[in-house]
file protein_13.cif (mmCIF, C-alpha atoms and all ligand atoms)
data_work
loop_
_atom_site.label_atom_id
_atom_site.label_comp_id
_atom_site.auth_asym_id
_atom_site.auth_seq_id
_atom_site.Cartn_x
_atom_site.Cartn_y
_atom_site.Cartn_z
CA MET U 1 0.00 0.00 0.00
CA THR U 2 1.27 3.51 -0.81
CA ALA U 3 1.13 5.72 2.27
CA THR U 4 -1.06 8.79 1.67
CA PRO U 5 -0.39 11.88 3.79
CA ALA U 6 -2.78 12.58 6.69
CA PRO U 7 -5.56 14.99 5.55
CA ARG U 8 -5.44 18.71 6.35
CA LEU U 9 -7.76 19.63 9.23
CA GLY U 10 -11.33 19.68 7.91
CA GLU U 11 -10.47 18.38 4.43
CA ARG U 12 -12.89 15.87 2.86
CA VAL U 13 -11.19 12.53 2.13
CA THR U 14 -12.42 10.59 -0.91
CA ALA U 15 -13.27 6.91 -0.58
CA PRO U 16 -11.58 4.36 -2.83
CA PHE U 17 -14.03 2.86 -5.36
CA GLY U 18 -16.14 -0.05 -4.10
CA ARG U 19 -16.27 -1.81 -0.77
CA ARG U 20 -13.35 -3.69 0.75
CA ARG U 21 -13.01 -6.59 3.16
CA CYS U 22 -11.20 -5.90 6.45
CA GLU U 23 -10.25 -7.99 9.44
CA VAL U 24 -11.70 -7.15 12.83
CA THR U 25 -8.86 -6.72 15.34
CA ARG U 26 -10.75 -6.16 18.62
CA ASN U 27 -14.14 -5.62 20.24
CA LEU U 28 -14.26 -4.11 23.72
CA ALA U 29 -17.04 -3.08 26.08
CA SER U 30 -17.13 0.68 26.70
CA GLY U 31 -19.86 1.43 29.23
CA GLY U 32 -23.16 0.39 27.63
CA TYR U 33 -21.62 0.56 24.12
CA ARG U 34 -18.90 -1.41 22.31
CA ILE U 35 -15.79 -0.27 20.47
CA PHE U 36 -14.66 -2.48 17.60
CA SER U 37 -11.68 -1.95 15.33
CA VAL U 38 -10.73 -3.11 11.86
CA LEU U 39 -7.50 -2.91 9.89
CA ASP U 40 -8.18 -1.23 6.55
CA PRO U 41 -5.38 -2.33 4.24
CA ALA U 42 -6.18 -0.04 1.31
CA GLY U 43 -7.97 2.95 2.73
CA PRO U 44 -6.89 6.52 3.42
CA GLU U 45 -7.00 8.09 6.88
CA PRO U 46 -10.50 9.57 7.27
CA ALA U 47 -11.35 13.12 8.33
CA ALA U 48 -13.36 13.58 11.54
CA GLY U 49 -17.11 13.60 10.91
CA GLN U 50 -16.89 11.21 7.95
CA PHE U 51 -18.59 7.83 8.06
CA TYR U 52 -18.37 4.30 6.64
CA MET U 53 -21.05 1.88 5.45
CA LEU U 54 -20.50 -1.39 7.34
CA ALA U 55 -21.77 -4.95 6.87
CA THR U 56 -20.38 -8.13 8.38
CA ALA U 57 -19.00 -10.71 5.89
CA SER U 58 -20.98 -13.49 7.60
CA GLY U 59 -24.20 -13.57 9.59
CA TRP U 60 -25.66 -10.53 7.83
CA GLY U 61 -29.20 -11.27 6.71
CA GLY U 62 -30.26 -14.91 6.83
CA ASP U 63 -33.48 -16.62 7.77
CA GLY U 64 -35.14 -13.52 9.21
CA GLY U 65 -34.30 -11.61 6.03
CA ARG U 66 -32.69 -8.74 7.96
CA PRO U 67 -30.37 -6.93 7.86
CA TYR U 68 -29.31 -6.76 4.20
CA LEU U 69 -28.24 -3.15 3.69
CA ALA U 70 -24.95 -1.92 5.11
CA ARG U 71 -25.32 0.44 8.08
CA ALA U 72 -23.83 3.95 8.43
CA PHE U 73 -21.20 4.46 11.14
CA SER U 74 -19.19 7.52 12.11
CA VAL U 75 -15.51 6.79 12.44
CA ALA U 76 -14.61 7.25 16.11
CA ASP U 77 -10.84 7.17 15.66
CA ALA U 78 -8.22 6.11 13.13
CA ALA U 79 -4.47 5.60 13.13
CA ARG U 80 -1.89 4.35 10.66
CA GLU U 81 -0.83 0.90 11.91
CA GLY U 82 1.59 -1.49 10.20
CA SER U 83 0.38 -2.09 6.67
CA GLY U 84 -2.91 -0.23 6.93
CA VAL U 85 -5.15 2.13 8.85
CA ARG U 86 -6.85 1.06 12.08
CA LEU U 87 -10.44 2.28 12.18
CA ASP U 88 -12.37 2.40 15.48
CA PHE U 89 -16.15 2.41 15.63
CA LEU U 90 -18.47 2.87 18.61
CA VAL U 91 -21.71 0.91 18.43
CA GLN U 92 -24.96 0.94 20.33
CA ALA U 93 -27.07 -2.15 19.67
CA VAL U 94 -30.54 -0.87 18.73
CA GLY U 95 -31.65 -3.34 16.05
CA PRO U 96 -30.49 -6.31 13.96
CA GLY U 97 -27.58 -4.58 12.17
CA THR U 98 -26.07 -2.87 15.18
CA SER U 99 -26.62 -5.99 17.34
CA ARG U 100 -24.65 -8.12 14.86
CA LEU U 101 -21.86 -5.52 14.67
CA ALA U 102 -21.72 -5.40 18.48
CA THR U 103 -20.94 -9.14 18.59
CA LEU U 104 -18.07 -9.08 16.06
CA GLU U 105 -15.05 -11.02 17.24
CA ALA U 106 -11.36 -10.50 16.45
CA GLY U 107 -10.53 -12.42 13.26
CA GLU U 108 -13.99 -11.99 11.72
CA GLU U 109 -14.35 -9.95 8.55
CA LEU U 110 -16.25 -6.80 7.78
CA TRP U 111 -17.15 -5.13 4.47
CA ILE U 112 -16.47 -1.41 4.65
CA HIS U 113 -17.08 1.44 2.20
CA GLY U 114 -15.66 4.84 3.01
CA PRO U 115 -14.67 7.31 4.23
CA LEU U 116 -17.85 9.03 3.03
CA GLY U 117 -19.47 12.42 3.45
CA ARG U 118 -18.51 15.89 4.50
CA PRO U 119 -16.33 16.21 7.62
CA PHE U 120 -16.18 18.87 10.35
CA SER U 121 -14.58 22.17 9.25
CA ALA U 122 -11.65 23.79 11.03
CA PRO U 123 -12.87 26.58 13.38
CA GLY U 124 -11.19 29.28 11.29
CA ASP U 125 -12.98 28.04 8.15
CA LEU U 126 -16.33 28.04 9.94
CA ALA U 127 -16.10 31.55 11.37
CA GLU U 128 -13.55 34.30 10.98
CA GLY U 129 -11.69 34.76 14.25
CA ALA U 130 -12.74 31.39 15.71
CA ALA U 131 -9.58 29.89 17.18
CA GLY U 132 -11.02 27.29 19.57
CA ALA U 133 -13.60 24.53 19.56
CA ILE U 134 -16.39 23.43 21.88
CA LEU U 135 -17.41 19.82 21.24
CA VAL U 136 -20.86 18.75 22.44
CA GLY U 137 -21.80 15.06 22.33
CA GLY U 138 -24.91 13.17 23.36
CA GLY U 139 -25.21 9.38 23.72
CA ILE U 140 -23.78 7.37 20.83
CA GLY U 141 -23.16 10.76 19.15
CA VAL U 142 -19.93 11.10 21.10
CA ALA U 143 -18.25 8.85 18.47
CA PRO U 144 -17.12 11.39 15.84
CA LEU U 145 -16.10 13.90 18.52
CA ALA U 146 -13.33 11.59 19.75
CA ILE U 147 -11.43 11.65 16.46
CA TRP U 148 -12.23 15.37 16.01
CA ARG U 149 -10.81 16.17 19.46
CA ARG U 150 -7.63 14.26 18.63
CA GLN U 151 -7.21 15.89 15.21
CA LEU U 152 -7.80 19.37 16.70
CA LEU U 153 -5.21 18.71 19.42
CA ALA U 154 -2.68 17.53 16.82
CA ALA U 155 -3.24 20.78 14.92
CA GLY U 156 -2.77 22.84 18.11
CA VAL U 157 -6.42 23.97 18.28
CA PRO U 158 -7.75 24.23 21.85
CA GLY U 159 -10.95 22.25 22.37
CA ARG U 160 -13.33 21.79 25.27
CA VAL U 161 -15.47 18.64 25.41
CA LEU U 162 -18.97 18.37 26.90
CA LEU U 163 -20.60 14.94 26.84
CA GLY U 164 -24.06 13.97 28.04
CA PHE U 165 -25.87 10.67 28.54
CA ARG U 166 -29.42 9.62 29.38
CA ASP U 167 -28.47 7.00 31.99
CA ARG U 168 -25.77 4.43 32.75
CA ALA U 169 -27.04 1.88 30.20
CA ASN U 170 -27.13 4.52 27.45
CA SER U 171 -23.61 5.82 27.99
CA GLY U 172 -20.10 4.88 26.93
CA GLY U 173 -17.25 5.70 24.61
CA LEU U 174 -15.24 7.66 27.19
CA ASP U 175 -12.33 5.26 26.53
CA LEU U 176 -11.95 7.01 23.17
CA PHE U 177 -11.13 10.33 24.85
CA ASP U 178 -8.33 11.64 26.99
CA CYS U 179 -10.72 12.29 29.87
CA SER U 180 -8.77 14.95 31.74
CA GLU U 181 -10.65 17.86 30.16
CA ILE U 182 -14.13 16.43 29.66
CA ARG U 183 -17.20 17.78 31.41
CA LEU U 184 -20.00 15.25 31.81
CA ALA U 185 -23.74 15.43 32.28
CA SER U 186 -26.32 12.70 32.78
CA GLU U 187 -30.08 12.90 33.00
CA ASP U 188 -30.21 10.32 35.83
CA GLY U 189 -27.30 11.93 37.70
CA HIS U 190 -25.06 8.82 37.63
CA THR U 191 -22.14 10.94 36.45
CA GLY U 192 -21.33 14.64 36.28
CA HIS U 193 -23.98 17.35 36.19
CA ARG U 194 -27.55 16.05 36.62
CA GLY U 195 -29.36 17.35 33.57
CA TYR U 196 -28.69 17.99 29.91
CA VAL U 197 -25.32 18.51 28.26
CA THR U 198 -26.79 21.71 26.82
CA ASP U 199 -26.90 23.10 30.40
CA LEU U 200 -23.10 22.87 30.37
CA LEU U 201 -22.96 24.51 26.95
CA ALA U 202 -25.14 27.40 28.18
CA VAL U 203 -22.66 28.07 31.00
CA LEU U 204 -19.70 28.06 28.59
CA LEU U 205 -21.43 30.32 26.10
CA GLU U 206 -22.42 32.79 28.84
CA GLY U 207 -18.86 32.98 30.16
CA ASP U 208 -17.03 33.14 26.85
CA ASP U 209 -16.10 35.67 24.30
CA THR U 210 -18.16 33.58 21.91
CA SER U 211 -16.69 35.11 18.77
CA THR U 212 -13.52 33.09 19.39
CA ALA U 213 -15.17 29.66 19.48
CA ALA U 214 -16.92 27.32 17.09
CA VAL U 215 -19.30 24.66 18.38
CA TYR U 216 -19.42 21.09 16.99
CA ALA U 217 -22.25 18.78 18.04
CA CYS U 218 -23.39 15.21 17.47
CA GLY U 219 -26.21 13.49 19.30
CA PRO U 220 -29.95 12.92 19.28
CA PRO U 221 -32.05 15.33 17.17
CA ALA U 222 -33.52 17.15 20.19
CA MET U 223 -30.02 17.87 21.53
CA LEU U 224 -28.81 19.04 18.11
CA GLU U 225 -31.81 21.31 17.76
CA ALA U 226 -31.15 22.83 21.20
CA VAL U 227 -27.48 23.43 20.29
CA ARG U 228 -28.47 24.93 16.94
CA GLY U 229 -30.93 27.32 18.63
CA MET U 230 -28.50 28.39 21.37
CA CYS U 231 -25.74 29.10 18.86
CA ALA U 232 -28.08 30.96 16.49
CA GLU U 233 -29.30 33.16 19.38
CA ARG U 234 -25.76 34.08 20.37
CA GLY U 235 -24.28 34.36 16.87
CA VAL U 236 -21.86 31.47 17.46
CA ALA U 237 -20.82 29.38 14.45
CA CYS U 238 -21.75 25.73 14.78
CA GLU U 239 -21.69 22.48 12.86
CA LEU U 240 -24.02 19.56 13.52
CA ALA U 241 -23.25 15.93 12.61
CA MET U 242 -26.73 14.75 11.69
CA GLU U 243 -28.38 11.42 10.96
CA ALA U 244 -30.98 10.27 8.47
CA PRO U 245 -31.80 6.73 7.38
CA MET U 246 -29.10 5.84 4.82
CA ALA U 247 -29.53 3.00 2.34
CA CYS U 248 -26.54 3.56 0.02
CA GLY U 249 -24.30 6.19 1.68
CA PHE U 250 -23.04 7.66 -1.60
CA GLY U 251 -25.80 9.73 -3.13
CA ALA U 252 -27.69 7.19 -5.25
CA CYS U 253 -30.95 6.43 -3.40
CA PHE U 254 -32.09 9.85 -2.06
CA GLY U 255 -33.25 8.07 1.13
CA CYS U 256 -31.34 10.53 3.30
CA ALA U 257 -32.71 13.79 1.81
CA ILE U 258 -33.41 16.52 4.36
CA PRO U 259 -34.87 20.02 3.80
CA VAL U 260 -32.48 22.97 3.76
CA ARG U 261 -33.18 26.53 4.85
CA SER U 262 -32.57 28.00 1.38
CA GLY U 263 -35.30 25.75 -0.09
CA GLY U 264 -35.10 22.26 -1.56
CA TYR U 265 -33.20 19.34 -0.10
CA MET U 266 -29.70 18.02 0.50
CA ARG U 267 -28.60 14.42 0.52
CA LEU U 268 -27.14 14.06 3.97
CA CYS U 269 -24.70 11.32 2.89
CA VAL U 270 -22.87 13.56 0.38
CA ASP U 271 -23.68 17.13 1.49
CA GLY U 272 -23.46 16.09 5.17
CA PRO U 273 -23.56 14.35 7.57
CA VAL U 274 -21.88 17.46 8.99
CA VAL U 275 -23.92 20.58 8.21
CA ARG U 276 -23.57 24.17 9.35
CA GLY U 277 -26.24 25.16 11.86
CA ASP U 278 -27.47 27.96 9.58
CA GLU U 279 -27.95 25.58 6.62
CA VAL U 280 -31.01 23.94 8.19
CA GLU U 281 -34.24 25.29 9.61
CA THR U 282 -34.30 22.51 12.20
CA ALA U 283 -32.24 19.51 13.29
CA LEU U 284 -35.43 17.55 14.02
CA VAL U 285 -35.33 15.21 11.03
CA ALA U 286 -38.01 12.55 10.58
CA GLY U 287 -36.68 8.98 10.94
CA SER U 288 -33.40 9.99 12.59
CA GLY U 289 -32.06 9.32 16.07
CA HIS U 290 -32.78 6.61 18.56
C1 LIG U 301 -23.98 9.22 9.33
C2 LIG U 301 -24.41 8.25 10.40
C3 LIG U 301 -23.50 7.87 11.37
C4 LIG U 301 -23.88 6.94 12.37
N1 LIG U 301 -22.95 6.60 13.32
C5 LIG U 301 -23.27 5.67 14.25
C6 LIG U 301 -22.30 5.25 15.21
O1 LIG U 301 -21.16 5.73 15.22
N2 LIG U 301 -22.67 4.29 16.09
C7 LIG U 301 -23.93 3.75 16.11
O2 LIG U 301 -24.19 2.87 16.94
N3 LIG U 301 -24.88 4.14 15.24
C8 LIG U 301 -24.57 5.08 14.30
N4 LIG U 301 -25.51 5.47 13.39
C9 LIG U 301 -26.87 4.90 13.47
C10 LIG U 301 -26.89 3.53 12.84
O3 LIG U 301 -26.56 3.60 11.45
C11 LIG U 301 -28.31 2.94 13.00
O4 LIG U 301 -28.56 2.80 14.37
C12 LIG U 301 -28.41 1.60 12.34
O5 LIG U 301 -28.49 1.79 10.94
C13 LIG U 301 -29.60 0.83 12.85
O6 LIG U 301 -29.60 -0.43 12.19
P1 LIG U 301 -30.23 -1.69 12.91
O7 LIG U 301 -30.40 -2.76 11.89
O8 LIG U 301 -29.45 -2.05 14.13
O9 LIG U 301 -31.63 -1.16 13.44
P2 LIG U 301 -32.99 -0.88 12.63
O10 LIG U 301 -33.90 -2.06 12.81
O11 LIG U 301 -32.69 -0.44 11.24
O12 LIG U 301 -33.51 0.33 13.49
C14 LIG U 301 -33.59 0.27 14.91
C15 LIG U 301 -33.91 1.63 15.48
O13 LIG U 301 -32.93 2.62 15.08
C16 LIG U 301 -33.54 3.63 14.29
N5 LIG U 301 -32.67 3.84 13.13
C17 LIG U 301 -32.43 3.01 12.09
N6 LIG U 301 -31.54 3.50 11.22
C18 LIG U 301 -31.20 4.70 11.70
C19 LIG U 301 -30.32 5.71 11.25
N7 LIG U 301 -29.60 5.63 10.15
N8 LIG U 301 -30.21 6.80 12.01
C20 LIG U 301 -30.90 6.92 13.12
N9 LIG U 301 -31.75 6.00 13.59
C21 LIG U 301 -31.91 4.91 12.91
C22 LIG U 301 -34.87 3.12 13.88
O14 LIG U 301 -35.81 4.17 13.78
C23 LIG U 301 -35.22 2.19 15.03
O15 LIG U 301 -35.75 2.89 16.12
C24 LIG U 301 -25.18 6.41 12.39
C25 LIG U 301 -26.10 6.78 11.40
C26 LIG U 301 -25.73 7.70 10.42
C27 LIG U 301 -26.71 8.09 9.37
S1 LIG U 302 -28.11 7.30 1.56
FE1 LIG U 302 -28.55 7.00 -0.56
S2 LIG U 302 -28.57 9.06 -1.29
FE2 LIG U 302 -27.93 9.29 0.75
#
call {"tool": "encode", "arguments": {"input": "protein_13.cif", "output": "structure tokens", "more": "lines below"}}
Ligand SMILES: Cc1cc2nc3c(=O)[nH]c(=O)nc-3n(C[C@H](O)[C@H](O)[C@H](O)COP(=O)(O)OP(=O)(O)OC[C@H]3O[C@@H](n4cnc5c(N)ncnc54)[C@H](O)[C@@H]3O)c2cc1C
Ligand code: FES
result
Amino acid sequence: MTATPAPRLGERVTAPFGRRRCEVTRNLASGGYRIFSVLDPAGPEPAAGQFYMLATASGWGGDGGRPYLARAFSVADAAREGSGVRLDFLVQAVGPGTSRLATLEAGEELWIHGPLGRPFSAPGDLAEGAAGAILVGGGIGVAPLAIWRRQLLAAGVPGRVLLGFRDRANSGGLDLFDCSEIRLASEDGHTGHRGYVTDLLAVLLEGDDTSTAAVYACGPPAMLEAVRGMCAERGVACELAMEAPMACGFGACFGCAIPVRSGGYMRLCVDGPVVRGDEVETALVAGSGH
């Protein structure tokens, strides 16, 4: 494999043509979620916010007839390792596809297609004068913020991380972060502030010179909508990593179309999944989130 240079911060990385078969190297519990890794022998290093379409090589479909389509997954971290790129994914088992992926064992094989979609933008590209980042994650939406935090750090961009969870069972992924600078919230109070992660964001935005920060969020639609509204009110630039049901992941099926503020629609798999807060009227998208 020819080594390709790591992408510039915020630069979209193009997927090689077609899907490729990768070996699973580990699968670990992380709170109520699981982190599994594959070695991608032929792929480039992804940009934070991009995603892959995943399907196991065996045990995908079968007697029950489901699942057949690959499932969309944000890349949670990536690193060049030996002859390829290690890709980490964080999974919450919510249905047949995610349940199968959660049980992958080292040595099994996975079909992957990616990296796909539009990544997070560097703060300076999102808003003039923005030199720092505030990362806001909710539930399984913490996944893409882990790789974004690491890429920002490597580029010398200061970032603060706020993560929120519903309860102990619906929390995890902290192993993907260097936890020293994370502020936590939980609705049941089992960790950190009792309440919403947006309570923590409100405190930061009140105390800050907000023109120097850009906000990046991924989580359930209601959380994204709250973040979008708070940022719009205060004139703070923000990007949201959104979800919509995705059948193909590369622009062919139009299953992931969402309305945009300027009129018409965007296909979230090619024009997103990361969108600027001011591109959409609302982050409450039908069929997204769980
Ligand atoms: C860009 C993108 C990145 C994603 N990243 C991750 C990730 O890092 N980790 C992770 O665990 N999940 C992620 N998801 C969600 C994941 O793709 C879905 O949970 C999965 O497709 C569900 O498949 P299933 O067969 O397990 O469940 P299904 O039987 O298909 O659905 C089970 C439940 O999940 C809901 N659901 C199904 N598909 C989606 C979807 N695409 N988005 C939101 N809700 C859905 C359904 O409404 C239902 O309530 C991501 C989705 C997108 C679009
Ligand atoms: S998922 Fe098929 S067009 Fe977006």
call {"tool": "residues_around", "arguments": {"input": "protein_13.cif", "residues": "Phe250 in chain U", "least_positions_apart": "4", "cutoff": "8 Å", "atoms": "all atoms listed in the file", "output": "PyMOL selection string"}}
result
chain U and resi 116-117+269-270
call {"tool": "closest_residue", "arguments": {"input": "protein_13.cif", "among": "U:Pro245, U:Gly272, U:Gly173, U:Gly164", "to": "ligand LIG 301 (chain U)", "atoms": "all atoms listed in the file"}}
result
U:Pro245
call {"tool": "residues_near_ligand", "arguments": {"input": "protein_13.cif", "ligand": "ligand LIG 302 (chain U)", "cutoff": "10 Å", "atoms": "all atoms listed in the file", "output": "PDB file with C-alpha atoms, keeping the file's coordinate frame"}}
result
ATOM      1  CA  MET U  53     -21.050   1.880   5.450  1.00  0.00           C
ATOM      2  CA  ARG U  71     -25.320   0.440   8.080  1.00  0.00           C
ATOM      3  CA  ALA U  72     -23.830   3.950   8.430  1.00  0.00           C
ATOM      4  CA  GLY U 117     -19.470  12.420   3.450  1.00  0.00           C
ATOM      5  CA  ALA U 244     -30.980  10.270   8.470  1.00  0.00           C
ATOM      6  CA  PRO U 245     -31.800   6.730   7.380  1.00  0.00           C
ATOM      7  CA  MET U 246     -29.100   5.840   4.820  1.00  0.00           C
ATOM      8  CA  ALA U 247     -29.530   3.000   2.340  1.00  0.00           C
ATOM      9  CA  CYS U 248     -26.540   3.560   0.020  1.00  0.00           C
ATOM     10  CA  GLY U 249     -24.300   6.190   1.680  1.00  0.00           C
ATOM     11  CA  PHE U 250     -23.040   7.660  -1.600  1.00  0.00           C
ATOM     12  CA  GLY U 251     -25.800   9.730  -3.130  1.00  0.00           C
ATOM     13  CA  ALA U 252     -27.690   7.190  -5.250  1.00  0.00           C
ATOM     14  CA  CYS U 253     -30.950   6.430  -3.400  1.00  0.00           C
ATOM     15  CA  PHE U 254     -32.090   9.850  -2.060  1.00  0.00           C
ATOM     16  CA  GLY U 255     -33.250   8.070   1.130  1.00  0.00           C
ATOM     17  CA  CYS U 256     -31.340  10.530   3.300  1.00  0.00           C
ATOM     18  CA  ALA U 257     -32.710  13.790   1.810  1.00  0.00           C
ATOM     19  CA  ILE U 258     -33.410  16.520   4.360  1.00  0.00           C
ATOM     20  CA  MET U 266     -29.700  18.020   0.500  1.00  0.00           C
ATOM     21  CA  ARG U 267     -28.600  14.420   0.520  1.00  0.00           C
ATOM     22  CA  LEU U 268     -27.140  14.060   3.970  1.00  0.00           C
ATOM     23  CA  CYS U 269     -24.700  11.320   2.890  1.00  0.00           C
ATOM     24  CA  VAL U 270     -22.870  13.560   0.380  1.00  0.00           C
ATOM     25  CA  ASP U 271     -23.680  17.130   1.490  1.00  0.00           C
ATOM     26  CA  GLY U 272     -23.460  16.090   5.170  1.00  0.00           C
ATOM     27  CA  PRO U 273     -23.560  14.350   7.570  1.00  0.00           C
TER      28      PRO U 273
END
call {"tool": "closest_atom_pairs", "arguments": {"input": "protein_13.cif", "of": "chain U", "to": "ligand LIG 301 (chain U)", "cutoff": "6 Å", "atoms": "only C-alpha atoms and all ligand atoms", "output": "CSV"}}
result
residue,atom,partner,partner_atom,distance
U:Phe51,CA,U:LIG301,C1,5.7
U:Pro67,CA,U:LIG301,O7,5.8
U:Arg71,CA,U:LIG301,O5,4.5
U:Ala72,CA,U:LIG301,O3,4.1
U:Phe73,CA,U:LIG301,N1,3.5
U:Ser74,CA,U:LIG301,N1,4.1
U:Leu90,CA,U:LIG301,N2,5.1
U:Val91,CA,U:LIG301,O2,3.5
U:Gln92,CA,U:LIG301,O2,4.0
U:Val94,CA,U:LIG301,O8,4.9
U:Gly95,CA,U:LIG301,O8,3.2
U:Pro96,CA,U:LIG301,O7,4.1
U:Gly97,CA,U:LIG301,O7,3.4
U:Thr98,CA,U:LIG301,O8,3.6
U:Ser99,CA,U:LIG301,O8,5.8
U:Ile140,CA,U:LIG301,N2,5.8
U:Ala143,CA,U:LIG301,O1,5.4
U:Glu243,CA,U:LIG301,C27,4.1
U:Ala244,CA,U:LIG301,C27,4.9
U:Pro245,CA,U:LIG301,N7,3.7
U:Met246,CA,U:LIG301,N7,5.4
U:Pro273,CA,U:LIG301,C1,5.4
U:Gly287,CA,U:LIG301,O14,5.7
U:Ser288,CA,U:LIG301,C20,4.0
U:Gly289,CA,U:LIG301,C20,4.0
U:His290,CA,U:LIG301,N9,5.1
call {"tool": "write_last_selection", "arguments": {"input": "protein_13.cif", "atoms": "C-alpha atoms", "output": "CSV table (one decimal), in the coordinates of the input"}}
result
chain,number,residue,atom,x,y,z
U,51,PHE,CA,-18.6,7.8,8.1
U,67,PRO,CA,-30.4,-6.9,7.9
U,71,ARG,CA,-25.3,0.4,8.1
U,72,ALA,CA,-23.8,4.0,8.4
U,73,PHE,CA,-21.2,4.5,11.1
U,74,SER,CA,-19.2,7.5,12.1
U,90,LEU,CA,-18.5,2.9,18.6
U,91,VAL,CA,-21.7,0.9,18.4
U,92,GLN,CA,-25.0,0.9,20.3
U,94,VAL,CA,-30.5,-0.9,18.7
U,95,GLY,CA,-31.6,-3.3,16.0
U,96,PRO,CA,-30.5,-6.3,14.0
U,97,GLY,CA,-27.6,-4.6,12.2
U,98,THR,CA,-26.1,-2.9,15.2
U,99,SER,CA,-26.6,-6.0,17.3
U,140,ILE,CA,-23.8,7.4,20.8
U,143,ALA,CA,-18.2,8.8,18.5
U,243,GLU,CA,-28.4,11.4,11.0
U,244,ALA,CA,-31.0,10.3,8.5
U,245,PRO,CA,-31.8,6.7,7.4
U,246,MET,CA,-29.1,5.8,4.8
U,273,PRO,CA,-23.6,14.4,7.6
U,287,GLY,CA,-36.7,9.0,10.9
U,288,SER,CA,-33.4,10.0,12.6
U,289,GLY,CA,-32.1,9.3,16.1
U,290,HIS,CA,-32.8,6.6,18.6
call {"tool": "residues_around", "arguments": {"input": "protein_13.cif", "residues": "Tyr196 in chain U", "least_positions_apart": "3", "cutoff": "8 Å", "atoms": "only C-alpha atoms", "output": "short mmCIF file (atom, residue, chain, number, x, y, z; two decimals) with C-alpha atoms, keeping the file's coordinate frame"}}
result
data_model
loop_
_atom_site.label_atom_id
_atom_site.label_comp_id
_atom_site.auth_asym_id
_atom_site.auth_seq_id
_atom_site.Cartn_x
_atom_site.Cartn_y
_atom_site.Cartn_z
CA GLY U 164 -24.06 13.97 28.04
CA PHE U 165 -25.87 10.67 28.54
CA ALA U 185 -23.74 15.43 32.28
CA SER U 186 -26.32 12.70 32.78
CA GLU U 187 -30.08 12.90 33.00
CA HIS U 193 -23.98 17.35 36.19
CA ASP U 199 -26.90 23.10 30.40
CA LEU U 200 -23.10 22.87 30.37
#
call {"tool": "residues_around", "arguments": {"input": "protein_13.cif", "residues": "Leu240 in chain U", "least_positions_apart": "5", "cutoff": "7 Å", "atoms": "only C-alpha atoms", "output": "list in words"}}
result
Tyr216, Ala217, Cys218, Leu224, Val274, Val275, Arg276 and Gly277 of chain U
call {"tool": "closest_residue", "arguments": {"input": "protein_13.cif", "among": "U:Val280, U:Ala226, U:Ala232, U:Ile112", "to": "Gly264 in chain U", "atoms": "all atoms listed in the file"}}
result
U:Val280
call {"tool": "closest_residue", "arguments": {"input": "protein_13.cif", "among": "U:Val85, U:Ala47, U:Val260, U:Leu101", "to": "Thr282 in chain U", "atoms": "only C-alpha atoms"}}
result
U:Val260
call {"tool": "atom_distance", "arguments": {"input": "protein_13.cif", "atom1": "CA of Gly159 in chain U", "atom2": "CA of Asp175 in chain U"}}
result
17.5 Å
call {"tool": "atom_distance", "arguments": {"input": "protein_13.cif", "atom1": "CA of Arg20 in chain U", "atom2": "CA of Ala93 in chain U"}}
result
23.4 Å
call {"tool": "residues_around", "arguments": {"input": "protein_13.cif", "residues": "Glu128 in chain U", "least_positions_apart": "2", "cutoff": "12 Å", "atoms": "all atoms listed in the file", "output": "list of chain:residue names"}}
result
U:Ala122, U:Pro123, U:Gly124, U:Asp125, U:Leu126, U:Ala130, U:Ala131, U:Gly132, U:Thr210, U:Ser211, U:Thr212, U:Ala213, U:Ala214, U:Val236, U:Ala237
call {"tool": "closest_residue", "arguments": {"input": "protein_13.cif", "among": "U:Gly59, U:Glu105, U:Val75, U:Gly43", "to": "Glu23 in chain U", "atoms": "all atoms listed in the file"}}
result
U:Glu105
call {"tool": "atom_distance", "arguments": {"input": "protein_13.cif", "atom1": "CA of Ser121 in chain U", "atom2": "CA of Glu11 in chain U"}}
result
7.4 Å
call {"tool": "residues_around", "arguments": {"input": "protein_13.cif", "residues": "Arg8 in chain U", "least_positions_apart": "6", "cutoff": "12 Å", "atoms": "only C-alpha atoms", "output": "number ranges by chain"}}
result
U: 45-48, 119-122, 151-152, 154-155
call {"tool": "closest_residue", "arguments": {"input": "protein_13.cif", "among": "U:Trp60, U:Gly31, U:Leu87, U:Leu201", "to": "Gly139 in chain U", "atoms": "only C-alpha atoms"}}
result
U:Gly31
